[in-house]
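protein_34.tsv (TSV, C-alpha atoms)
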chain	number	residue	atom	x	y	z
A	1	MET	CA	-42.49	41.26	60.89
A	2	LEU	CA	-40.48	43.26	58.40
A	3	MET	CA	-37.42	41.14	59.12
A	4	LYS	CA	-39.40	37.97	58.33
A	5	LYS	CA	-40.45	39.43	54.97
A	6	PHE	CA	-36.83	40.23	54.07
A	7	THR	CA	-35.77	36.73	55.13
A	8	LEU	CA	-38.51	35.15	53.00
A	9	LEU	CA	-37.58	37.35	50.02
A	10	GLY	CA	-33.93	36.38	50.38
A	11	THR	CA	-34.84	32.71	50.49
A	12	CYS	CA	-36.86	33.04	47.29
A	13	ILE	CA	-34.02	34.82	45.52
A	14	VAL	CA	-31.54	32.10	46.53
A	15	LEU	CA	-33.97	29.42	45.37
A	16	LEU	CA	-34.52	31.11	42.00
A	17	LEU	CA	-30.78	31.61	41.55
A	18	SER	CA	-30.16	27.92	42.31
A	19	LEU	CA	-32.73	26.86	39.76
A	20	PHE	CA	-31.22	29.18	37.15
A	21	LEU	CA	-27.70	27.86	37.72
A	22	ALA	CA	-28.93	24.27	37.60
A	23	GLY	CA	-30.57	24.98	34.27
A	24	CYS	CA	-27.38	26.46	32.89
A	25	SER	CA	-25.45	23.46	34.15
A	26	ASN	CA	-27.84	21.06	32.43
A	27	THR	CA	-27.64	23.10	29.23
A	28	ASP	CA	-23.86	22.92	29.32
A	29	LYS	CA	-23.96	19.19	29.88
A	30	THR	CA	-26.36	18.71	27.01
A	31	ALA	CA	-24.22	20.83	24.69
A	32	GLY	CA	-21.14	18.90	25.75
A	33	THR	CA	-22.89	15.62	25.02
A	34	LYS	CA	-23.85	16.81	21.58
A	35	ASN	CA	-20.27	17.88	20.82
A	36	THR	CA	-18.94	14.56	22.04
A	37	ASP	CA	-21.42	12.66	19.89
A	38	ALA	CA	-20.47	14.71	16.83
A	39	SER	CA	-16.75	14.14	17.32
A	40	SER	CA	-17.23	10.42	17.86
A	41	GLU	CA	-19.56	9.94	14.92
A	42	LYS	CA	-19.04	6.43	13.58
A	43	LEU	CA	-17.06	6.27	10.36
A	44	PRO	CA	-18.03	3.92	7.53
A	45	LYS	CA	-16.44	0.48	7.40
A	46	VAL	CA	-13.45	0.36	5.07
A	47	LYS	CA	-12.69	-2.72	3.00
A	48	ILE	CA	-9.11	-2.89	1.77
A	49	MET	CA	-7.91	-5.55	-0.67
A	50	VAL	CA	-4.24	-6.50	-0.69
A	51	GLY	CA	-2.45	-7.94	-3.71
A	52	GLY	CA	-0.99	-10.78	-1.65
A	53	MET	CA	-1.12	-10.25	2.11
A	54	GLU	CA	1.89	-12.51	2.75
A	55	LYS	CA	4.21	-10.53	0.45
A	56	ILE	CA	6.73	-8.40	2.32
A	57	ILE	CA	6.15	-5.49	-0.09
A	58	TYR	CA	2.57	-5.32	1.23
A	59	SER	CA	3.33	-6.15	4.87
A	60	PRO	CA	2.31	-2.67	6.14
A	61	ALA	CA	-1.34	-3.70	5.71
A	62	LYS	CA	-1.34	-6.61	8.18
A	63	LEU	CA	1.24	-4.92	10.37
A	64	THR	CA	-0.99	-1.88	10.82
A	65	GLU	CA	-3.88	-4.12	11.82
A	66	ASN	CA	-1.84	-6.19	14.25
A	67	LEU	CA	-0.22	-3.14	15.86
A	68	GLY	CA	-3.70	-1.81	16.56
A	69	TYR	CA	-3.22	1.42	14.63
A	70	PHE	CA	-6.52	1.15	12.74
A	71	LYS	CA	-8.41	0.89	16.03
A	72	GLU	CA	-6.43	3.77	17.52
A	73	GLU	CA	-7.72	5.90	14.67
A	74	GLY	CA	-11.32	4.77	15.24
A	75	LEU	CA	-11.37	2.83	11.97
A	76	ASP	CA	-13.23	-0.39	11.22
A	77	VAL	CA	-10.99	-1.92	8.53
A	78	GLU	CA	-11.51	-5.29	6.87
A	79	LEU	CA	-8.45	-6.65	5.03
A	80	SER	CA	-8.71	-9.26	2.31
A	81	SER	CA	-6.07	-10.83	0.10
A	82	THR	CA	-5.92	-11.71	-3.59
A	83	ALA	CA	-3.20	-13.25	-5.74
A	84	SER	CA	-2.66	-10.26	-7.99
A	85	GLY	CA	-2.83	-6.47	-7.81
A	86	VAL	CA	-4.87	-6.34	-11.00
A	87	ASN	CA	-7.69	-8.22	-9.23
A	88	SER	CA	-7.64	-5.61	-6.46
A	89	GLU	CA	-7.80	-2.79	-8.97
A	90	GLN	CA	-10.88	-4.31	-10.59
A	91	ALA	CA	-12.54	-4.76	-7.19
A	92	LEU	CA	-11.92	-1.09	-6.40
A	93	ILE	CA	-13.36	0.12	-9.70
A	94	ALA	CA	-16.42	-2.09	-9.14
A	95	GLY	CA	-16.94	-0.55	-5.69
A	96	GLU	CA	-16.46	-3.87	-3.89
A	97	VAL	CA	-13.68	-2.36	-1.75
A	98	GLN	CA	-12.79	1.18	-0.73
A	99	GLY	CA	-9.01	0.83	-0.84
A	100	VAL	CA	-6.23	-1.27	-2.31
A	101	VAL	CA	-2.73	-2.02	-1.13
A	102	GLY	CA	-1.00	-2.38	-4.46
A	103	TYR	CA	1.39	-0.66	-6.86
A	104	TYR	CA	1.18	3.03	-7.67
A	105	ASP	CA	1.57	2.33	-11.41
A	106	HIS	CA	-2.06	1.14	-11.55
A	107	THR	CA	-3.23	4.71	-10.93
A	108	ILE	CA	-1.59	5.76	-14.21
A	109	ASP	CA	-2.70	2.75	-16.20
A	110	ILE	CA	-6.34	3.04	-15.10
A	111	GLN	CA	-6.48	6.77	-15.86
A	112	SER	CA	-5.83	5.90	-19.52
A	113	GLN	CA	-9.23	4.18	-19.34
A	114	GLY	CA	-10.94	7.32	-18.09
A	115	LYS	CA	-11.10	6.24	-14.44
A	116	TYR	CA	-9.46	8.08	-11.55
A	117	ILE	CA	-7.80	6.48	-8.55
A	118	GLN	CA	-5.05	7.99	-6.43
A	119	THR	CA	-2.34	6.91	-4.03
A	120	VAL	CA	-3.01	8.26	-0.53
A	121	VAL	CA	0.03	6.75	1.25
A	122	GLN	CA	3.21	5.64	-0.51
A	123	PHE	CA	4.83	2.59	1.12
A	124	GLY	CA	7.61	1.43	-1.20
A	125	LEU	CA	10.18	3.65	-2.92
A	126	VAL	CA	11.30	0.79	-5.19
A	127	PRO	CA	9.48	-2.27	-6.60
A	128	GLY	CA	10.92	-4.71	-4.07
A	129	GLN	CA	11.12	-7.30	-6.86
A	130	ARG	CA	13.82	-9.30	-8.62
A	131	LEU	CA	13.88	-10.90	-12.04
A	132	MET	CA	14.79	-14.46	-11.12
A	133	VAL	CA	16.21	-16.87	-13.70
A	134	SER	CA	15.91	-20.65	-13.46
A	135	ASN	CA	19.22	-22.32	-12.66
A	136	LYS	CA	18.44	-24.75	-15.50
A	137	VAL	CA	18.86	-22.00	-18.11
A	138	LYS	CA	20.85	-19.26	-16.38
A	139	ASP	CA	23.99	-20.00	-18.40
A	140	LYS	CA	22.05	-19.23	-21.59
A	141	ILE	CA	20.66	-15.90	-20.40
A	142	LYS	CA	23.40	-13.29	-20.21
A	143	THR	CA	21.63	-10.03	-21.13
A	144	LEU	CA	18.11	-8.64	-21.32
A	145	ALA	CA	18.13	-9.37	-25.05
A	146	ASP	CA	18.10	-13.06	-24.15
A	147	LEU	CA	14.61	-12.71	-22.67
A	148	LYS	CA	13.17	-13.00	-26.17
A	149	GLY	CA	10.96	-16.05	-26.54
A	150	LYS	CA	11.05	-16.90	-22.84
A	151	ASN	CA	8.17	-17.68	-20.48
A	152	ILE	CA	8.32	-15.17	-17.64
A	153	GLY	CA	6.24	-15.73	-14.53
A	154	VAL	CA	4.15	-12.79	-13.31
A	155	THR	CA	1.50	-12.55	-10.61
A	156	GLY	CA	-1.22	-11.87	-13.17
A	157	LEU	CA	-1.79	-10.46	-16.64
A	158	GLY	CA	-2.00	-6.69	-16.33
A	159	ALA	CA	-0.31	-6.81	-12.93
A	160	SER	CA	2.65	-4.62	-12.01
A	161	THR	CA	4.99	-7.60	-12.34
A	162	ASN	CA	3.68	-7.92	-15.90
A	163	PHE	CA	4.48	-4.22	-16.47
A	164	LEU	CA	8.02	-4.67	-15.17
A	165	ALA	CA	8.62	-7.81	-17.23
A	166	SER	CA	7.44	-6.01	-20.37
A	167	TYR	CA	9.75	-3.09	-19.63
A	168	LEU	CA	12.78	-5.33	-19.13
A	169	VAL	CA	12.07	-7.22	-22.36
A	170	THR	CA	11.69	-3.90	-24.21
A	171	LYS	CA	14.88	-2.54	-22.67
A	172	GLY	CA	16.66	-5.58	-24.11
A	173	GLY	CA	15.75	-4.44	-27.62
A	174	ASN	CA	12.67	-6.60	-28.07
A	175	SER	CA	8.92	-5.90	-27.81
A	176	PRO	CA	6.28	-7.02	-25.29
A	177	GLN	CA	5.09	-9.49	-27.92
A	178	ASP	CA	8.48	-11.23	-27.87
A	179	TYR	CA	7.95	-13.03	-24.56
A	180	VAL	CA	5.16	-14.98	-22.87
A	181	PRO	CA	3.91	-13.62	-19.54
A	182	VAL	CA	2.64	-16.55	-17.48
A	183	PRO	CA	0.29	-15.73	-14.56
A	184	VAL	CA	1.57	-17.88	-11.69
A	185	GLY	CA	0.96	-15.70	-8.66
A	186	SER	CA	3.66	-15.94	-6.03
A	187	GLY	CA	4.87	-18.36	-3.38
A	188	SER	CA	4.12	-22.05	-3.90
A	189	PRO	CA	2.46	-21.78	-7.36
A	190	LEU	CA	5.37	-19.77	-8.76
A	191	ILE	CA	7.93	-22.09	-7.20
A	192	ALA	CA	6.15	-25.13	-8.67
A	193	ALA	CA	6.10	-23.49	-12.12
A	194	MET	CA	9.84	-22.82	-11.92
A	195	GLU	CA	10.49	-26.36	-10.72
A	196	GLN	CA	8.43	-27.90	-13.54
A	197	GLY	CA	9.99	-25.69	-16.21
A	198	THR	CA	6.71	-23.97	-17.08
A	199	ILE	CA	8.57	-20.68	-16.72
A	200	GLN	CA	12.24	-19.87	-17.22
A	201	LEU	CA	12.18	-16.57	-15.35
A	202	ALA	CA	9.92	-14.72	-12.94
A	203	VAL	CA	9.42	-11.24	-11.60
A	204	THR	CA	8.74	-11.80	-7.92
A	205	SER	CA	9.21	-10.38	-4.43
A	206	GLN	CA	10.16	-11.59	-0.98
A	207	PRO	CA	9.80	-14.10	0.58
A	208	THR	CA	9.40	-16.01	-2.74
A	209	ILE	CA	12.87	-14.81	-3.81
A	210	ALA	CA	14.49	-16.30	-0.71
A	211	LEU	CA	12.56	-19.56	-1.12
A	212	LEU	CA	13.65	-19.95	-4.76
A	213	GLU	CA	17.26	-19.39	-3.78
A	214	ALA	CA	17.08	-21.71	-0.75
A	215	LYS	CA	15.69	-24.50	-2.93
A	216	GLY	CA	18.41	-23.96	-5.50
A	217	LEU	CA	15.83	-23.31	-8.22
A	218	ALA	CA	16.69	-19.80	-9.35
A	219	THR	CA	19.20	-16.97	-9.20
A	220	SER	CA	18.73	-13.22	-9.19
A	221	PHE	CA	19.23	-11.76	-12.68
A	222	LYS	CA	18.03	-8.17	-12.22
A	223	ASP	CA	17.70	-6.42	-8.88
A	224	LEU	CA	14.65	-4.21	-8.38
A	225	GLU	CA	14.64	-4.85	-4.66
A	226	SER	CA	17.41	-2.50	-3.52
A	227	LEU	CA	17.68	1.22	-4.24
A	228	ASP	CA	21.03	0.84	-6.03
A	229	GLY	CA	19.82	-2.10	-8.10
A	230	THR	CA	16.63	-0.27	-9.07
A	231	LYS	CA	18.53	2.84	-10.14
A	232	GLU	CA	20.91	0.73	-12.21
A	233	THR	CA	18.12	-1.23	-13.93
A	234	LEU	CA	15.40	1.41	-14.25
A	235	GLY	CA	17.43	4.59	-14.21
A	236	GLY	CA	15.85	5.92	-11.03
A	237	THR	CA	13.47	5.11	-8.20
A	238	TYR	CA	10.11	3.51	-8.91
A	239	PRO	CA	7.53	4.17	-6.18
A	240	ALA	CA	5.56	0.96	-5.94
A	241	SER	CA	3.54	-0.48	-3.04
A	242	SER	CA	0.99	1.98	-1.70
A	243	LEU	CA	-2.55	2.54	-0.49
A	244	TYR	CA	-4.64	3.79	-3.36
A	245	MET	CA	-8.33	4.65	-3.43
A	246	SER	CA	-11.00	5.98	-5.77
A	247	SER	CA	-10.56	9.74	-6.18
A	248	ASP	CA	-14.31	10.23	-5.68
A	249	TYR	CA	-14.25	8.25	-2.44
A	250	VAL	CA	-11.34	10.30	-1.09
A	251	LYS	CA	-13.14	13.53	-1.96
A	252	LYS	CA	-16.34	12.41	-0.22
A	253	ASN	CA	-14.59	10.80	2.78
A	254	PRO	CA	-11.58	12.97	3.68
A	255	GLU	CA	-11.81	12.01	7.36
A	256	VAL	CA	-11.46	8.32	6.51
A	257	ALA	CA	-8.52	9.04	4.19
A	258	GLN	CA	-6.83	11.12	6.87
A	259	ARG	CA	-7.19	8.47	9.56
A	260	LEU	CA	-5.91	5.78	7.20
A	261	ALA	CA	-2.91	7.99	6.46
A	262	ASN	CA	-2.35	8.48	10.21
A	263	ALA	CA	-2.41	4.72	10.81
A	264	PHE	CA	-0.18	3.73	7.91
A	265	VAL	CA	2.42	6.43	8.57
A	266	LYS	CA	2.65	5.16	12.16
A	267	THR	CA	3.41	1.74	10.70
A	268	LEU	CA	6.06	3.08	8.31
A	269	LYS	CA	7.73	4.81	11.25
A	270	TYR	CA	7.57	1.53	13.17
A	271	ILE	CA	9.22	-0.32	10.27
A	272	ASN	CA	11.97	2.27	10.06
A	273	THR	CA	12.74	2.13	13.80
A	274	HIS	CA	12.53	-1.61	14.54
A	275	THR	CA	14.53	-4.71	13.65
A	276	ALA	CA	13.42	-7.37	11.22
A	277	GLU	CA	12.80	-9.76	14.11
A	278	GLU	CA	10.64	-7.25	15.99
A	279	ILE	CA	8.60	-6.63	12.85
A	280	ALA	CA	8.27	-10.35	12.07
A	281	ASP	CA	6.98	-10.99	15.58
A	282	GLN	CA	4.02	-8.73	14.81
A	283	LEU	CA	3.07	-10.71	11.68
A	284	PRO	CA	1.25	-14.06	11.40
A	285	LYS	CA	3.56	-17.03	11.85
A	286	GLU	CA	2.21	-18.66	8.69
A	287	TYR	CA	4.02	-15.95	6.72
A	288	TYR	CA	7.29	-17.64	7.74
A	289	ALA	CA	6.44	-20.69	5.59
A	290	GLY	CA	7.95	-22.91	8.27
A	291	ASP	CA	11.35	-21.19	8.26
A	292	LYS	CA	11.53	-18.05	10.39
A	293	ASP	CA	15.27	-17.57	9.85
A	294	LEU	CA	14.77	-17.54	6.09
A	295	TYR	CA	11.86	-15.14	6.48
A	296	LEU	CA	13.95	-12.81	8.63
A	297	LYS	CA	16.66	-12.82	5.96
A	298	ALA	CA	14.08	-11.95	3.31
A	299	LEU	CA	12.54	-9.24	5.47
A	300	GLU	CA	15.92	-7.72	6.29
A	301	SER	CA	16.77	-7.38	2.60
A	302	SER	CA	13.49	-5.55	1.95
A	303	LEU	CA	13.34	-3.04	4.80
A	304	SER	CA	15.24	-0.28	2.99
A	305	MET	CA	12.48	-0.06	0.37
A	306	PHE	CA	9.95	1.41	2.79
A	307	SER	CA	9.32	5.14	2.98
A	308	PRO	CA	9.74	6.71	6.42
A	309	ASP	CA	6.86	9.16	5.94
A	310	GLY	CA	4.47	7.84	3.27
A	311	LYS	CA	5.12	10.70	0.86
A	312	MET	CA	5.34	10.33	-2.91
A	313	PRO	CA	8.88	11.23	-4.08
A	314	SER	CA	8.83	14.33	-6.28
A	315	ASP	CA	10.45	12.52	-9.21
A	316	GLY	CA	8.57	9.25	-8.73
A	317	PRO	CA	5.46	9.72	-10.90
A	318	ASP	CA	7.48	10.94	-13.91
A	319	LYS	CA	9.80	7.92	-13.72
A	320	VAL	CA	6.93	5.44	-13.49
A	321	TYR	CA	5.18	7.15	-16.41
A	322	GLU	CA	8.39	7.04	-18.46
A	323	ILE	CA	8.78	3.30	-17.86
A	324	LEU	CA	5.15	2.48	-18.62
A	325	THR	CA	5.23	4.40	-21.92
A	326	THR	CA	8.41	2.58	-22.96
A	327	PHE	CA	6.49	-0.62	-23.63
A	328	ASN	CA	3.02	0.94	-23.94
A	329	PRO	CA	3.40	4.05	-26.14
A	330	LYS	CA	-0.39	4.43	-26.36
A	331	LEU	CA	-0.26	5.93	-22.86
A	332	LYS	CA	1.34	9.02	-24.39
A	333	ASP	CA	-1.91	9.69	-26.26
A	334	ALA	CA	-4.04	9.34	-23.12
A	335	ASN	CA	-3.18	12.82	-21.75
A	336	ILE	CA	-2.36	11.45	-18.31
A	337	ASP	CA	-2.52	14.03	-15.52
A	338	LEU	CA	0.03	12.71	-13.02
A	339	SER	CA	-1.07	15.21	-10.37
A	340	LYS	CA	-4.35	13.29	-10.13
A	341	THR	CA	-2.66	9.92	-9.56
A	342	TYR	CA	-1.50	10.67	-6.01
A	343	THR	CA	-1.86	13.09	-3.13
A	344	ASN	CA	0.47	13.99	-0.26
A	345	LYS	CA	-2.07	16.20	1.52
A	346	PHE	CA	-3.07	13.57	4.06
A	347	VAL	CA	0.41	12.33	4.97
A	348	ASP	CA	1.55	15.96	5.20
A	349	LYS	CA	-0.89	16.42	8.09
A	350	VAL	CA	0.35	13.43	10.06
A	351	LYS	CA	2.20	14.54	13.19
Give the structure from the file, written as structure tokens.
Amino acid sequence: MLMKKFTLLGTCIVLLLSLFLAGCSNTDKTAGTKNTDASSEKLPKVKIMVGGMEKIIYSPAKLTENLGYFKEEGLDVELSSTASGVNSEQALIAGEVQGVVGYYDHTIDIQSQGKYIQTVVQFGLVPGQRLMVSNKVKDKIKTLADLKGKNIGVTGLGASTNFLASYLVTKGGNSPQDYVPVPVGSGSPLIAAMEQGTIQLAVTSQPTIALLEAKGLATSFKDLESLDGTKETLGGTYPASSLYMSSDYVKKNPEVAQRLANAFVKTLKYINTHTAEEIADQLPKEYYAGDKDLYLKALESSLSMFSPDGKMPSDGPDKVYEILTTFNPKLKDANIDLSKTYTNKFVDKVK
């Protein structure tokens, strides 16, 4: 009888212990589920406007999408394209988009208006542009001083190409009022303007440069595409194409900024470790404009401009500021804080 009581007591203890362990197991599972949900919390959709998706200087945007790096980072990114970087800047300030793939110099220019945007990833170490001169007038334009009175094609008024044109005119001993900036975009509209004589020169990038040369319409006058050419013309490097965002947005959404930095740095590493043909194969075929060989030539000439790590060069902001104040001295009175125009903290964390 006593043995039966002990047996029954033992059975009860085992049963209670089993129930206790099951409860702990369920608690652990629930906690694990909660942790998983927290770590996989959905990030907000990010709209990024590009100042000309087909331009090679801005190719990291589409390349990142097509390589699947946005998705790998758990990002829902919507890319859109516009003819000019100045349009993208305005869309960012208006809150229509959360990021822009455009030139770093806009972060300085816009701060003079009391607004703060900052570069989060630096793509290009040089402008990736050339000042092209129409073959109809190239014999009459020997120096930068000869730019006086000329119509110079730019992507848009207030665009970075407009800034560079103004600097080159000023460097030639004239003032920004001594030439006519004509907003013609890039690609076909610019080529048509050169063909019709609406413009005599143009500040433009690849593949428009290669197309102008192939058609026998224009010749390179000043090289801002290569590192050596940029140093000769501008006196140093000029960090240009980048991802910039509203400073407030970055502060409120550091996780989004970090994942964007992760994705874009992956792309920059891809660019620096693959051939022009391998890169071109990841881009839409319409970018070739019907001539892949010509596109590959244009892409090859631009690859050296891309940063391998997305970091802002230490001397970059000062050089850009120096150039902008050359033709716009009012910037000197704006008390620009260059440290607020960019950040390396996100790219520094990329493994």
>> Quick one: residues within 9 Å of range 111-123 of chain A, all atoms listed in the file, excluding same-chain residues fewer than 3 positions away - as a PyMOL selection string?
In response: chain A and resi 57-58+60+92-93+103-104+106-108+239-248+250+257-258+260-261+264-265+268+305-313+330-331+333-337+340-347
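Closest to Asp291 in chain A among A:Leu211, A:Glu225, A:Tyr238, A:Lys349 is A:Leu211, based on all atoms listed in the file.
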>> Excluding Ser88 in chain A and its own-chain neighbours fewer than 6 positions away, which residues fall within 10 Å of it when counting all atoms listed in the file? Please give them as a PyMOL selection string.
In response: chain A and resi 48-52+80-82+94+96-97+99-102+159
Could those selected residues go to a file with C-alpha atoms, as an mmCIF file, in the frame of the given file?
data_model
loop_
_atom_site.group_PDB
_atom_site.id
_atom_site.type_symbol
_atom_site.label_atom_id
_atom_site.label_comp_id
_atom_site.auth_asym_id
_atom_site.auth_seq_id
_atom_site.Cartn_x
_atom_site.Cartn_y
_atom_site.Cartn_z
ATOM 1 C CA ILE A 48 -9.110 -2.890 1.770
ATOM 2 C CA MET A 49 -7.910 -5.550 -0.670
ATOM 3 C CA VAL A 50 -4.240 -6.500 -0.690
ATOM 4 C CA GLY A 51 -2.450 -7.940 -3.710
ATOM 5 C CA GLY A 52 -0.990 -10.780 -1.650
ATOM 6 C CA SER A 80 -8.710 -9.260 2.310
ATOM 7 C CA SER A 81 -6.070 -10.830 0.100
ATOM 8 C CA THR A 82 -5.920 -11.710 -3.590
ATOM 9 C CA ALA A 94 -16.420 -2.090 -9.140
ATOM 10 C CA GLU A 96 -16.460 -3.870 -3.890
ATOM 11 C CA VAL A 97 -13.680 -2.360 -1.750
ATOM 12 C CA GLY A 99 -9.010 0.830 -0.840
ATOM 13 C CA VAL A 100 -6.230 -1.270 -2.310
ATOM 14 C CA VAL A 101 -2.730 -2.020 -1.130
ATOM 15 C CA GLY A 102 -1.000 -2.380 -4.460
ATOM 16 C CA ALA A 159 -0.310 -6.810 -12.930
#
> Nearest to Gly229 in chain A among A:Ile209, A:Ala289, A:Ala165, A:Leu131, with distances taken over all atoms listed in the file: which residue is it?
Replying inline: A:Leu131
> What does the distance between CA of Gln200 in chain A and CA of Gly153 in chain A come to in Å, to one decimal place?
Replying inline: 7.8 Å
>> Neighbouring residues of range 167-175 of chain A were defined as those with any atom within 10 Å, considering only C-alpha atoms; residues of the same chain fewer than 6 positions away were excluded. Please report them as a PyMOL selection string.
In response: chain A and resi 131+143-150+152+161+222+233-234+323-328
If you keep C-alpha atoms, can you produce a file of those selected residues as a CSV table (one decimal), in the coordinates of the input?
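Listing of part34.csv after writing:
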chain,number,residue,atom,x,y,z
A,131,LEU,CA,13.9,-10.9,-12.0
A,143,THR,CA,21.6,-10.0,-21.1
A,144,LEU,CA,18.1,-8.6,-21.3
A,145,ALA,CA,18.1,-9.4,-25.0
A,146,ASP,CA,18.1,-13.1,-24.2
A,147,LEU,CA,14.6,-12.7,-22.7
A,148,LYS,CA,13.2,-13.0,-26.2
A,149,GLY,CA,11.0,-16.0,-26.5
A,150,LYS,CA,11.0,-16.9,-22.8
A,152,ILE,CA,8.3,-15.2,-17.6
A,161,THR,CA,5.0,-7.6,-12.3
A,222,LYS,CA,18.0,-8.2,-12.2
A,233,THR,CA,18.1,-1.2,-13.9
A,234,LEU,CA,15.4,1.4,-14.2
A,323,ILE,CA,8.8,3.3,-17.9
A,324,LEU,CA,5.2,2.5,-18.6
A,325,THR,CA,5.2,4.4,-21.9
A,326,THR,CA,8.4,2.6,-23.0
A,327,PHE,CA,6.5,-0.6,-23.6
A,328,ASN,CA,3.0,0.9,-23.9
> Counting only C-alpha atoms, which of A:Ala214, A:Leu296, A:Val86, A:Ala263 gets nearest to Glu277 in chain A?
Replying inline: A:Leu296
For a cutoff of 8 Å around the file-coordinate point (4.2, -13.3, 4.7), which residues qualify once you count all atoms listed in the file? I'd like the result as a PDB file with C-alpha atoms, in the coordinates of the input.
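Saved as selection02.pdb:
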ATOM      1  CA  MET A  53      -1.120 -10.250   2.110  1.00  0.00           C
ATOM      2  CA  GLU A  54       1.890 -12.510   2.750  1.00  0.00           C
ATOM      3  CA  LYS A  55       4.210 -10.530   0.450  1.00  0.00           C
ATOM      4  CA  ILE A  56       6.730  -8.400   2.320  1.00  0.00           C
ATOM      5  CA  SER A  59       3.330  -6.150   4.870  1.00  0.00           C
ATOM      6  CA  PRO A 207       9.800 -14.100   0.580  1.00  0.00           C
ATOM      7  CA  LEU A 283       3.070 -10.710  11.680  1.00  0.00           C
ATOM      8  CA  PRO A 284       1.250 -14.060  11.400  1.00  0.00           C
ATOM      9  CA  GLU A 286       2.210 -18.660   8.690  1.00  0.00           C
ATOM     10  CA  TYR A 287       4.020 -15.950   6.720  1.00  0.00           C
ATOM     11  CA  TYR A 288       7.290 -17.640   7.740  1.00  0.00           C
ATOM     12  CA  ALA A 289       6.440 -20.690   5.590  1.00  0.00           C
TER      13      ALA A 289
END
> Can you find the residues with an atom no farther than 10 Å from (-9.5, -8.2, -13.8), counting all atoms listed in the file, and report them as a ChimeraX atom specification?
Replying inline: /A:84-91,156-159
Output of the above residues as a PDB file, in the frame of the given file, restricted to C-alpha atoms:
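Ended up saving to out.pdb:
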ATOM      1  CA  SER A  84      -2.660 -10.260  -7.990  1.00  0.00           C
ATOM      2  CA  GLY A  85      -2.830  -6.470  -7.810  1.00  0.00           C
ATOM      3  CA  VAL A  86      -4.870  -6.340 -11.000  1.00  0.00           C
ATOM      4  CA  ASN A  87      -7.690  -8.220  -9.230  1.00  0.00           C
ATOM      5  CA  SER A  88      -7.640  -5.610  -6.460  1.00  0.00           C
ATOM      6  CA  GLU A  89      -7.800  -2.790  -8.970  1.00  0.00           C
ATOM      7  CA  GLN A  90     -10.880  -4.310 -10.590  1.00  0.00           C
ATOM      8  CA  ALA A  91     -12.540  -4.760  -7.190  1.00  0.00           C
ATOM      9  CA  GLY A 156      -1.220 -11.870 -13.170  1.00  0.00           C
ATOM     10  CA  LEU A 157      -1.790 -10.460 -16.640  1.00  0.00           C
ATOM     11  CA  GLY A 158      -2.000  -6.690 -16.330  1.00  0.00           C
ATOM     12  CA  ALA A 159      -0.310  -6.810 -12.930  1.00  0.00           C
TER      13      ALA A 159
END
> What does the distance between CA of Asn272 in chain A and CA of Asp228 in chain A come to in Å, to one decimal place?
Replying inline: 18.5 Å
>> If I take CA of Pro254 in chain A and CA of Pro44 in chain A, how far is one from the other in Å, to one decimal?
In response: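 These atoms are spaced 11.8 Å apart.
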> With only C-alpha atoms as the basis for distance, which of A:Lys140, A:Ser134, A:Leu212, A:Glu65 is at the shortest distance from Pro189 in chain A?
Replying inline: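 Closest residue, counting only C-alpha atoms: A:Leu212.
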Let me have the centre and edge lengths in Å, one decimal, of the box along x, y and z around every listed atom of range 160-172 of chain A with 8 Å of margin on each side, as AutoDock Vina command-line options.
--center_x 9.7 --center_y -5.2 --center_z -18.1 --size_x 30.0 --size_y 21.4 --size_z 28.2
> So which residues touch Thr230 in chain A within 10 Å, counting all atoms listed in the file, skipping near sequence neighbours fewer than 6 positions away, as an NGL selection string?
Replying inline: :A and (125-130 or 222-224 or 236-238)
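Compared by their closest atoms to Pro317 in chain A, and using all atoms listed in the file, the residues A:Ala202, A:Asp105, A:Thr64, A:Lys231 rank with A:Asp105 nearest.
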Take range 242-247 of chain A, model N, CA, C and O atoms, and hand the result over as a short mmCIF file (atom, residue, chain, number, x, y, z; two decimals), in the frame of the given file.
data_model
loop_
_atom_site.label_atom_id
_atom_site.label_comp_id
_atom_site.auth_asym_id
_atom_site.auth_seq_id
_atom_site.Cartn_x
_atom_site.Cartn_y
_atom_site.Cartn_z
N SER A 242 1.65 0.80 -2.24
CA SER A 242 0.99 1.98 -1.70
C SER A 242 -0.44 1.64 -1.30
O SER A 242 -0.93 0.55 -1.58
N LEU A 243 -1.10 2.60 -0.67
CA LEU A 243 -2.55 2.54 -0.49
C LEU A 243 -3.15 3.47 -1.52
O LEU A 243 -2.87 4.67 -1.52
N TYR A 244 -3.95 2.90 -2.43
CA TYR A 244 -4.64 3.79 -3.36
C TYR A 244 -6.14 3.57 -3.26
O TYR A 244 -6.63 2.50 -2.88
N MET A 245 -6.89 4.64 -3.59
CA MET A 245 -8.33 4.65 -3.43
C MET A 245 -8.97 5.40 -4.60
O MET A 245 -8.29 6.13 -5.33
N SER A 246 -10.25 5.23 -4.76
CA SER A 246 -11.00 5.98 -5.77
C SER A 246 -10.93 7.47 -5.42
O SER A 246 -11.12 7.86 -4.26
N SER A 247 -10.65 8.29 -6.41
CA SER A 247 -10.56 9.74 -6.18
C SER A 247 -11.88 10.29 -5.66
O SER A 247 -11.89 11.17 -4.79
#
